[in-house]
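> File name my_file_18.cif; file contents mmCIF, C-alpha atoms; full text below.
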```
data_entry
#
loop_
_atom_site.label_atom_id
_atom_site.label_comp_id
_atom_site.auth_asym_id
_atom_site.auth_seq_id
_atom_site.Cartn_x
_atom_site.Cartn_y
_atom_site.Cartn_z
CA PHE F 1 7.70 29.79 57.75
CA ASP F 2 10.18 31.57 55.47
CA PHE F 3 7.60 34.23 54.58
CA PHE F 4 6.91 35.17 58.22
CA SER F 5 10.63 35.04 58.98
CA ARG F 6 11.19 37.99 56.65
CA PHE F 7 9.10 40.32 58.81
CA ILE F 8 9.07 38.81 62.32
CA SER F 9 12.08 38.11 64.51
CA SER F 10 10.30 36.08 67.21
CA PHE F 11 10.08 32.45 66.14
CA GLY F 12 7.49 31.78 68.84
CA LEU F 13 5.20 34.32 67.15
CA ILE F 14 6.03 32.86 63.73
CA ILE F 15 4.92 29.38 64.88
CA LEU F 16 1.73 30.90 66.32
CA LEU F 17 0.91 32.57 62.98
CA MET F 18 1.77 29.36 61.10
CA THR F 19 -0.64 27.43 63.33
CA LEU F 20 -3.45 29.93 62.73
CA VAL F 21 -2.90 29.81 58.95
CA ILE F 22 -2.80 25.99 58.87
CA LYS F 23 -5.89 25.58 61.06
CA THR F 24 -7.76 28.13 58.94
CA VAL F 25 -6.81 26.39 55.67
CA VAL F 26 -7.88 22.92 56.90
CA PHE F 27 -10.99 24.18 58.70
CA PRO F 28 -13.28 23.35 55.73
CA LEU F 29 -12.10 19.74 56.08
CA THR F 30 -12.59 19.58 59.85
CA TYR F 31 -15.86 21.57 59.90
CA LYS F 32 -17.97 18.56 58.90
CA SER F 33 -16.48 16.51 61.71
CA TYR F 34 -17.10 19.28 64.27
CA SER F 35 -20.63 19.84 62.95
CA SER F 36 -21.52 16.12 63.16
CA SER F 37 -20.19 16.03 66.71
CA ALA F 38 -22.30 19.06 67.67
CA LYS F 39 -25.45 17.52 66.13
CA MET F 40 -24.84 14.23 67.93
CA SER F 41 -24.55 16.18 71.17
CA ALA F 42 -27.96 17.75 70.46
CA LEU F 43 -29.44 14.25 70.13
CA LYS F 44 -28.60 13.29 73.71
CA PRO F 45 -32.27 13.38 74.92
CA GLU F 46 -33.26 10.98 72.12
CA ILE F 47 -30.24 8.75 72.80
CA ASP F 48 -31.23 8.61 76.48
CA LYS F 49 -34.69 7.36 75.43
CA ILE F 50 -33.13 4.59 73.35
CA ASN F 51 -30.80 3.60 76.22
CA ALA F 52 -33.80 3.45 78.57
CA LYS F 53 -35.71 1.30 76.08
CA TYR F 54 -32.81 -1.15 75.69
CA PRO F 55 -31.07 -1.20 79.09
CA HIS F 56 -29.58 -4.72 78.95
CA THR F 57 -26.10 -4.45 77.46
CA ASP F 58 -25.42 -8.18 77.94
CA ASN F 59 -28.28 -9.20 75.62
CA GLN F 60 -26.94 -9.48 72.07
CA GLN F 61 -30.32 -9.17 70.34
CA GLU F 62 -31.23 -6.15 72.45
CA MET F 63 -27.87 -4.53 71.71
CA LEU F 64 -28.46 -5.07 67.98
CA LYS F 65 -31.88 -3.40 68.22
CA LYS F 66 -30.30 -0.56 70.18
CA GLN F 67 -27.66 -0.03 67.51
CA GLN F 68 -30.29 -0.10 64.76
CA ALA F 69 -32.44 2.42 66.62
CA THR F 70 -29.44 4.68 67.17
CA MET F 71 -28.37 4.56 63.51
CA ASN F 72 -31.97 5.24 62.46
CA LEU F 73 -31.99 8.26 64.75
CA TYR F 74 -28.75 9.58 63.25
CA LYS F 75 -30.14 9.06 59.75
CA ARG F 76 -33.35 10.97 60.54
CA ALA F 77 -31.27 13.79 62.02
CA GLY F 78 -29.01 13.93 58.97
CA VAL F 79 -25.95 12.98 61.00
CA SER F 80 -23.27 10.55 59.91
CA PRO F 81 -21.09 9.37 62.84
CA MET F 82 -18.33 8.44 60.40
CA GLY F 83 -18.97 11.29 57.97
CA GLY F 84 -16.29 13.55 59.40
CA CYS F 85 -13.57 10.93 59.72
CA LEU F 86 -12.21 11.04 56.16
CA PRO F 87 -11.82 14.86 56.06
CA THR F 88 -10.03 14.70 59.42
CA LEU F 89 -7.69 11.97 58.13
CA LEU F 90 -6.74 14.24 55.23
CA THR F 91 -5.14 16.65 57.74
CA PHE F 92 -2.73 13.99 59.07
CA PRO F 93 -0.04 14.66 56.41
CA ILE F 94 0.21 18.21 57.78
CA LEU F 95 0.74 16.90 61.31
CA TRP F 96 3.43 14.57 60.00
CA ALA F 97 5.06 17.37 58.01
CA MET F 98 5.32 19.52 61.15
CA PHE F 99 6.68 16.50 63.07
CA ARG F 100 9.50 16.26 60.53
CA PHE F 101 10.03 20.01 60.04
CA PHE F 102 10.53 21.50 63.51
CA PRO F 103 13.21 19.11 64.89
CA ALA F 104 15.23 19.52 61.67
CA SER F 105 14.86 23.28 61.27
CA ILE F 106 18.28 24.95 61.45
CA GLU F 107 16.67 28.40 61.78
CA LEU F 108 15.33 27.50 65.23
CA ARG F 109 18.74 26.78 66.74
CA GLN F 110 19.63 29.06 69.65
CA GLN F 111 16.30 30.87 69.22
CA SER F 112 14.68 31.55 72.59
CA PHE F 113 10.99 31.94 73.40
CA LEU F 114 9.42 32.43 76.84
CA TRP F 115 11.31 30.04 79.18
CA CYS F 116 12.81 28.03 76.32
CA LYS F 117 16.41 28.96 75.41
CA ASP F 118 16.59 26.87 72.23
CA LEU F 119 13.43 26.03 70.24
CA SER F 120 15.29 23.37 68.26
CA ALA F 121 15.92 21.36 71.47
CA TYR F 122 13.71 20.28 74.36
CA ASP F 123 12.88 22.91 77.01
CA SER F 124 14.05 21.18 80.18
CA ILE F 125 12.61 22.65 83.38
CA ILE F 126 13.70 19.73 85.59
CA ASP F 127 16.86 17.65 85.12
CA TYR F 128 16.70 14.38 87.06
CA GLY F 129 20.43 13.68 86.91
CA VAL F 130 19.67 10.08 86.01
CA LYS F 131 18.17 8.61 82.86
CA ILE F 132 14.72 7.12 83.43
CA PRO F 133 13.56 4.51 80.87
CA ILE F 134 11.24 6.01 78.19
CA LEU F 135 11.03 9.37 80.02
CA GLY F 136 14.71 10.33 79.78
CA ASP F 137 16.67 12.54 82.19
CA HIS F 138 14.55 15.70 82.03
CA LEU F 139 11.03 17.14 81.94
CA SER F 140 9.96 19.33 79.02
CA LEU F 141 7.36 21.92 79.99
CA PHE F 142 6.04 22.45 76.45
CA ALA F 143 5.61 18.67 76.05
CA LEU F 144 3.78 18.51 79.39
CA LEU F 145 1.49 21.43 78.48
CA MET F 146 0.82 19.85 75.10
CA ALA F 147 -0.18 16.54 76.73
CA VAL F 148 -2.47 18.31 79.23
CA THR F 149 -4.11 20.28 76.41
CA MET F 150 -4.57 17.09 74.38
CA TRP F 151 -6.25 15.49 77.41
CA ALA F 152 -8.52 18.54 77.81
CA TYR F 153 -9.40 18.44 74.10
CA SER F 154 -10.28 14.73 74.30
CA ARG F 155 -12.34 15.31 77.43
CA PHE F 156 -14.16 18.23 75.82
CA THR F 157 -14.87 16.15 72.70
CA MET F 158 -16.10 13.08 74.60
CA ASN F 159 -18.36 15.09 76.91
CA SER F 160 -20.16 16.41 73.84
CA GLN F 161 -20.99 12.89 72.66
CA PRO F 162 -24.38 11.41 73.63
CA ASN F 163 -22.92 7.93 74.23
CA ALA F 164 -19.97 9.14 76.31
CA ASN F 165 -20.86 6.79 79.17
CA ASP F 166 -21.54 3.74 77.01
CA PRO F 167 -19.65 0.77 78.55
CA SER F 168 -18.96 -0.65 75.08
CA ALA F 169 -16.88 2.43 74.25
CA ALA F 170 -14.81 2.30 77.45
CA SER F 171 -11.62 1.09 75.74
CA MET F 172 -11.86 3.76 73.03
CA ARG F 173 -12.50 6.37 75.70
CA PHE F 174 -9.47 5.27 77.71
CA MET F 175 -7.24 5.27 74.63
CA SER F 176 -8.31 8.77 73.56
CA LEU F 177 -8.37 10.35 77.01
CA TRP F 178 -5.27 8.84 78.61
CA MET F 179 -3.09 6.72 76.32
CA MET F 180 -2.73 9.20 73.45
CA PRO F 181 -1.74 12.22 75.63
CA ILE F 182 0.69 10.10 77.67
CA MET F 183 2.21 8.55 74.56
CA MET F 184 2.59 11.96 72.86
CA PHE F 185 4.23 13.34 76.00
CA PHE F 186 6.85 10.59 76.01
CA ILE F 187 7.49 11.11 72.28
CA CYS F 188 7.76 14.91 72.42
CA ASN F 189 9.62 15.14 75.73
CA GLY F 190 12.92 14.53 73.95
CA LEU F 191 12.14 16.41 70.74
CA SER F 192 12.27 20.12 69.90
CA ALA F 193 10.24 22.53 72.00
CA ALA F 194 8.95 24.12 68.78
CA LEU F 195 7.15 20.89 67.88
CA SER F 196 5.44 20.59 71.29
CA TYR F 197 4.59 24.28 71.15
CA TYR F 198 2.99 23.85 67.71
CA TYR F 199 0.92 20.84 68.84
CA LEU F 200 -0.12 22.78 71.96
CA LEU F 201 -1.34 25.73 69.89
CA SER F 202 -3.03 23.41 67.40
CA GLN F 203 -5.08 21.76 70.17
CA LEU F 204 -6.08 25.13 71.64
CA VAL F 205 -7.25 26.43 68.26
CA ALA F 206 -9.17 23.18 67.65
CA ILE F 207 -11.01 23.62 70.97
CA ILE F 208 -11.97 27.20 70.02
CA GLN F 209 -13.15 26.05 66.58
CA ARG F 210 -15.29 23.30 68.11
CA ILE F 211 -16.91 25.78 70.52
CA ILE F 212 -17.73 28.14 67.61
CA VAL F 213 -19.21 25.33 65.47
CA ARG F 214 -21.23 24.06 68.43
CA LYS F 215 -22.79 27.51 68.85
CA MET F 216 -23.62 27.54 65.14
CA VAL F 217 -25.59 24.28 65.42
CA HIS F 218 -29.09 24.90 66.81
CA LYS F 219 -30.09 21.96 69.00
CA ASP F 220 -33.81 22.74 68.75
CA LYS F 221 -33.74 22.51 64.95
CA VAL F 222 -31.94 19.15 65.08
CA LEU F 223 -34.49 17.73 67.54
CA GLU F 224 -37.38 19.21 65.55
CA ARG F 225 -36.16 17.46 62.42
CA VAL F 226 -36.02 14.15 64.29
CA ARG F 227 -39.53 14.52 65.69
CA LEU F 228 -41.00 15.48 62.31
CA SER F 229 -39.46 12.40 60.68
CA GLU F 230 -40.67 10.00 63.39
CA GLY F 231 -42.66 7.11 61.93
CA LYS F 232 -41.91 8.09 58.34
CA PRO F 233 -40.08 5.71 55.96
#
```
Show the structure stored in the file as structure tokens.

Amino acid sequence: FDFFSRFISSFGLIILLMTLVIKTVVFPLTYKSYSSSAKMSALKPEIDKINAKYPHTDNQQEMLKKQQATMNLYKRAGVSPMGGCLPTLLTFPILWAMFRFFPASIELRQQSFLWCKDLSAYDSIIDYGVKIPILGDHLSLFALLMAVTMWAYSRFTMNSQPNANDPSAASMRFMSLWMMPIMMFFICNGLSAALSYYYLLSQLVAIIQRIIVRKMVHKDKVLERVRLSEGKP
């Protein structure tokens, strides 16, 4: 932040460059997670066959066989559903550091960017004139855009999963798609616009990175590997 501040006067541009640097540095950690997700998406035809073979979700024994068949499929494809979780968790300290940094940054005070007059405060586009519980007395546009982008990122991620419509994952799907964006909106609505702006950019870059990794994973090769390993110990 201090390095870019020496050469650039626009703090909105500085935050953009910071985001690109951070996402580039942590990309080796998140690549495995993105790659596993892309490979699991390629396995959708095989997952559909397993779902057709074990259609009864209320039968415990059948569900156990379905889970075993699914895990066997992932193993034959060289995919670990949990393999990318730990590297992704390692990036959380950076998210927390940004959460602490932007609201406390003195340099951002009275610094304007786009419609925001002060990046150290919330960018109110609507003032209600009355304080609403949890929401407050205003609407922050950056916080709203961040929440919408987080929803789009979750939707994009879930649509790439072969078991996206699995009833057993409905609660997880609801939490990721709706609860997290709504909760983050309420949290960031009263915090600095710079923080919401950073999270917004971070989600956009993550979507672009996922699209690039997905194009790098060849679905035909993943399916060919599965078919060649069929019936082998």
> I want to know what sits within 12 Å of Leu204 (chain F), based on all atoms listed in the file, with residues of the same chain fewer than 6 positions away left out; could you give that as a list of chain:residue names?
F:Leu16, F:Thr19, F:Leu20, F:Lys23, F:Leu145, F:Met146, F:Ala147, F:Val148, F:Thr149, F:Met150, F:Trp151, F:Ala152, F:Tyr153, F:Ser154, F:Phe156, F:Tyr197, F:Tyr198, F:Arg210, F:Ile211
> For the PyMOL selection byres ((chain F and resi 69) around 12), applied here, can you spell out every residue it catches as a PDB file with C-alpha atoms, in the frame of the given file?

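So result-v3.pdb came out as:
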```pdb
ATOM      1  CA  GLU F  46     -33.260  10.980  72.120  1.00  0.00           C
ATOM      2  CA  ILE F  47     -30.240   8.750  72.800  1.00  0.00           C
ATOM      3  CA  ASP F  48     -31.230   8.610  76.480  1.00  0.00           C
ATOM      4  CA  LYS F  49     -34.690   7.360  75.430  1.00  0.00           C
ATOM      5  CA  ILE F  50     -33.130   4.590  73.350  1.00  0.00           C
ATOM      6  CA  ASN F  51     -30.800   3.600  76.220  1.00  0.00           C
ATOM      7  CA  LYS F  53     -35.710   1.300  76.080  1.00  0.00           C
ATOM      8  CA  TYR F  54     -32.810  -1.150  75.690  1.00  0.00           C
ATOM      9  CA  GLU F  62     -31.230  -6.150  72.450  1.00  0.00           C
ATOM     10  CA  MET F  63     -27.870  -4.530  71.710  1.00  0.00           C
ATOM     11  CA  LEU F  64     -28.460  -5.070  67.980  1.00  0.00           C
ATOM     12  CA  LYS F  65     -31.880  -3.400  68.220  1.00  0.00           C
ATOM     13  CA  LYS F  66     -30.300  -0.560  70.180  1.00  0.00           C
ATOM     14  CA  GLN F  67     -27.660  -0.030  67.510  1.00  0.00           C
ATOM     15  CA  GLN F  68     -30.290  -0.100  64.760  1.00  0.00           C
ATOM     16  CA  THR F  70     -29.440   4.680  67.170  1.00  0.00           C
ATOM     17  CA  MET F  71     -28.370   4.560  63.510  1.00  0.00           C
ATOM     18  CA  ASN F  72     -31.970   5.240  62.460  1.00  0.00           C
ATOM     19  CA  LEU F  73     -31.990   8.260  64.750  1.00  0.00           C
ATOM     20  CA  TYR F  74     -28.750   9.580  63.250  1.00  0.00           C
ATOM     21  CA  LYS F  75     -30.140   9.060  59.750  1.00  0.00           C
ATOM     22  CA  ARG F  76     -33.350  10.970  60.540  1.00  0.00           C
ATOM     23  CA  GLU F 230     -40.670  10.000  63.390  1.00  0.00           C
TER      24      GLU F 230
END
```
> Nearest residue to Pro103 (chain F) out of F:Thr91, F:Ser9, F:Ser120, F:Gln209, using all atoms listed in the file?
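Smallest separation from Pro103 (chain F) among the options: F:Ser120.
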> Check which residues satisfy the PyMOL selection byres ((chain F and resi 182) around 12) in the file shown, then give them as a list in words.
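This file gives the following for the PyMOL selection byres ((chain F and resi 182) around 12): Ile134, Leu135, Ala143, Leu144, Leu145, Met146, Ala147, Val148, Thr149, Met150, Trp151, Phe174, Met175, Ser176, Leu177, Trp178, Met179, Met180, Pro181, Met183, Met184, Phe185, Phe186, Ile187, Cys188 and Asn189 of chain F.
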> Going by the chain IDs and residue numbers used in this file, which residues fall under the PyMOL selection byres ((chain F and resi 2) around 12)? Write them as a PyMOL selection string.
chain F and resi 1+3-9+11+14-15+17-18+105+107-108
> Those same residues, written as a tab-separated table (two decimals), in the frame of the given file with C-alpha atoms?

```tsv
chain	number	residue	atom	x	y	z
F	1	PHE	CA	7.70	29.79	57.75
F	3	PHE	CA	7.60	34.23	54.58
F	4	PHE	CA	6.91	35.17	58.22
F	5	SER	CA	10.63	35.04	58.98
F	6	ARG	CA	11.19	37.99	56.65
F	7	PHE	CA	9.10	40.32	58.81
F	8	ILE	CA	9.07	38.81	62.32
F	9	SER	CA	12.08	38.11	64.51
F	11	PHE	CA	10.08	32.45	66.14
F	14	ILE	CA	6.03	32.86	63.73
F	15	ILE	CA	4.92	29.38	64.88
F	17	LEU	CA	0.91	32.57	62.98
F	18	MET	CA	1.77	29.36	61.10
F	105	SER	CA	14.86	23.28	61.27
F	107	GLU	CA	16.67	28.40	61.78
F	108	LEU	CA	15.33	27.50	65.23
```
> Report, in Å to a single decimal, how far apart CA of Ala194 (chain F) and CA of Phe142 (chain F) are.
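Those two atoms sit 8.4 Å apart.
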> Just how far from CA of Thr157 (chain F) is CA of Tyr31 (chain F), in Å to one decimal?
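Between CA of Tyr31 (chain F) and CA of Thr157 (chain F) the gap is 13.9 Å.
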> Could you pull the residues within 9 Å of region 218-224 of chain F, counting all atoms listed in the file, minus those fewer than 5 positions along the same chain, as a ChimeraX atom specification?
/F:38-39,41-43,45-46,77-78,229
> Any chance you can output those residues with C-alpha atoms as a CSV table (one decimal), keeping the file's coordinate frame?

```csv
chain,number,residue,atom,x,y,z
F,38,ALA,CA,-22.3,19.1,67.7
F,39,LYS,CA,-25.4,17.5,66.1
F,41,SER,CA,-24.6,16.2,71.2
F,42,ALA,CA,-28.0,17.8,70.5
F,43,LEU,CA,-29.4,14.2,70.1
F,45,PRO,CA,-32.3,13.4,74.9
F,46,GLU,CA,-33.3,11.0,72.1
F,77,ALA,CA,-31.3,13.8,62.0
F,78,GLY,CA,-29.0,13.9,59.0
F,229,SER,CA,-39.5,12.4,60.7
```
> Identify, on the basis of all atoms listed in the file, every residue whose closest approach to Ala193 (chain F) does not exceed 8 Å; exclude the query and any residue fewer than 5 positions from it along the same chain; express the result as a PyMOL selection string.
chain F and resi 116+118-123+140+142-143
> Would you mind exporting C-alpha atoms of the selected residues as a compact mmCIF listing (two decimals), in the frame of the given file?

```txt
# COMPACT_ATOMS: atom_id res chain seq x y z
CA CYS F 116 12.81 28.03 76.32
CA ASP F 118 16.59 26.87 72.23
CA LEU F 119 13.43 26.03 70.24
CA SER F 120 15.29 23.37 68.26
CA ALA F 121 15.92 21.36 71.47
CA TYR F 122 13.71 20.28 74.36
CA ASP F 123 12.88 22.91 77.01
CA SER F 140 9.96 19.33 79.02
CA PHE F 142 6.04 22.45 76.45
CA ALA F 143 5.61 18.67 76.05
```
> Report the distance between CA of Phe101 (chain F) and CA of Ser10 (chain F) in Å, rounded to one decimal place.
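Result for CA of Phe101 (chain F) versus CA of Ser10 (chain F): 17.6 Å, one decimal.
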> In the coordinate frame of the file, compute which residues have an atom within 12 Å of (-4.0, 14.8, 58.6) when using all atoms listed in the file, and state them as a VMD selection string.
chain F and resid 22 to 23 26 to 27 29 to 30 85 to 99
> Could you save the residues just selected, with C-alpha atoms, as a short mmCIF file (atom, residue, chain, number, x, y, z; two decimals), keeping the file's coordinate frame?

```
data_model
loop_
_atom_site.label_atom_id
_atom_site.label_comp_id
_atom_site.auth_asym_id
_atom_site.auth_seq_id
_atom_site.Cartn_x
_atom_site.Cartn_y
_atom_site.Cartn_z
CA ILE F 22 -2.80 25.99 58.87
CA LYS F 23 -5.89 25.58 61.06
CA VAL F 26 -7.88 22.92 56.90
CA PHE F 27 -10.99 24.18 58.70
CA LEU F 29 -12.10 19.74 56.08
CA THR F 30 -12.59 19.58 59.85
CA CYS F 85 -13.57 10.93 59.72
CA LEU F 86 -12.21 11.04 56.16
CA PRO F 87 -11.82 14.86 56.06
CA THR F 88 -10.03 14.70 59.42
CA LEU F 89 -7.69 11.97 58.13
CA LEU F 90 -6.74 14.24 55.23
CA THR F 91 -5.14 16.65 57.74
CA PHE F 92 -2.73 13.99 59.07
CA PRO F 93 -0.04 14.66 56.41
CA ILE F 94 0.21 18.21 57.78
CA LEU F 95 0.74 16.90 61.31
CA TRP F 96 3.43 14.57 60.00
CA ALA F 97 5.06 17.37 58.01
CA MET F 98 5.32 19.52 61.15
CA PHE F 99 6.68 16.50 63.07
#
```
> Which residue out of F:Val79, F:Gln111, F:Arg155, F:Leu141 has the minimum interatomic distance to Ser36 (chain F) when only C-alpha atoms are used?
F:Val79
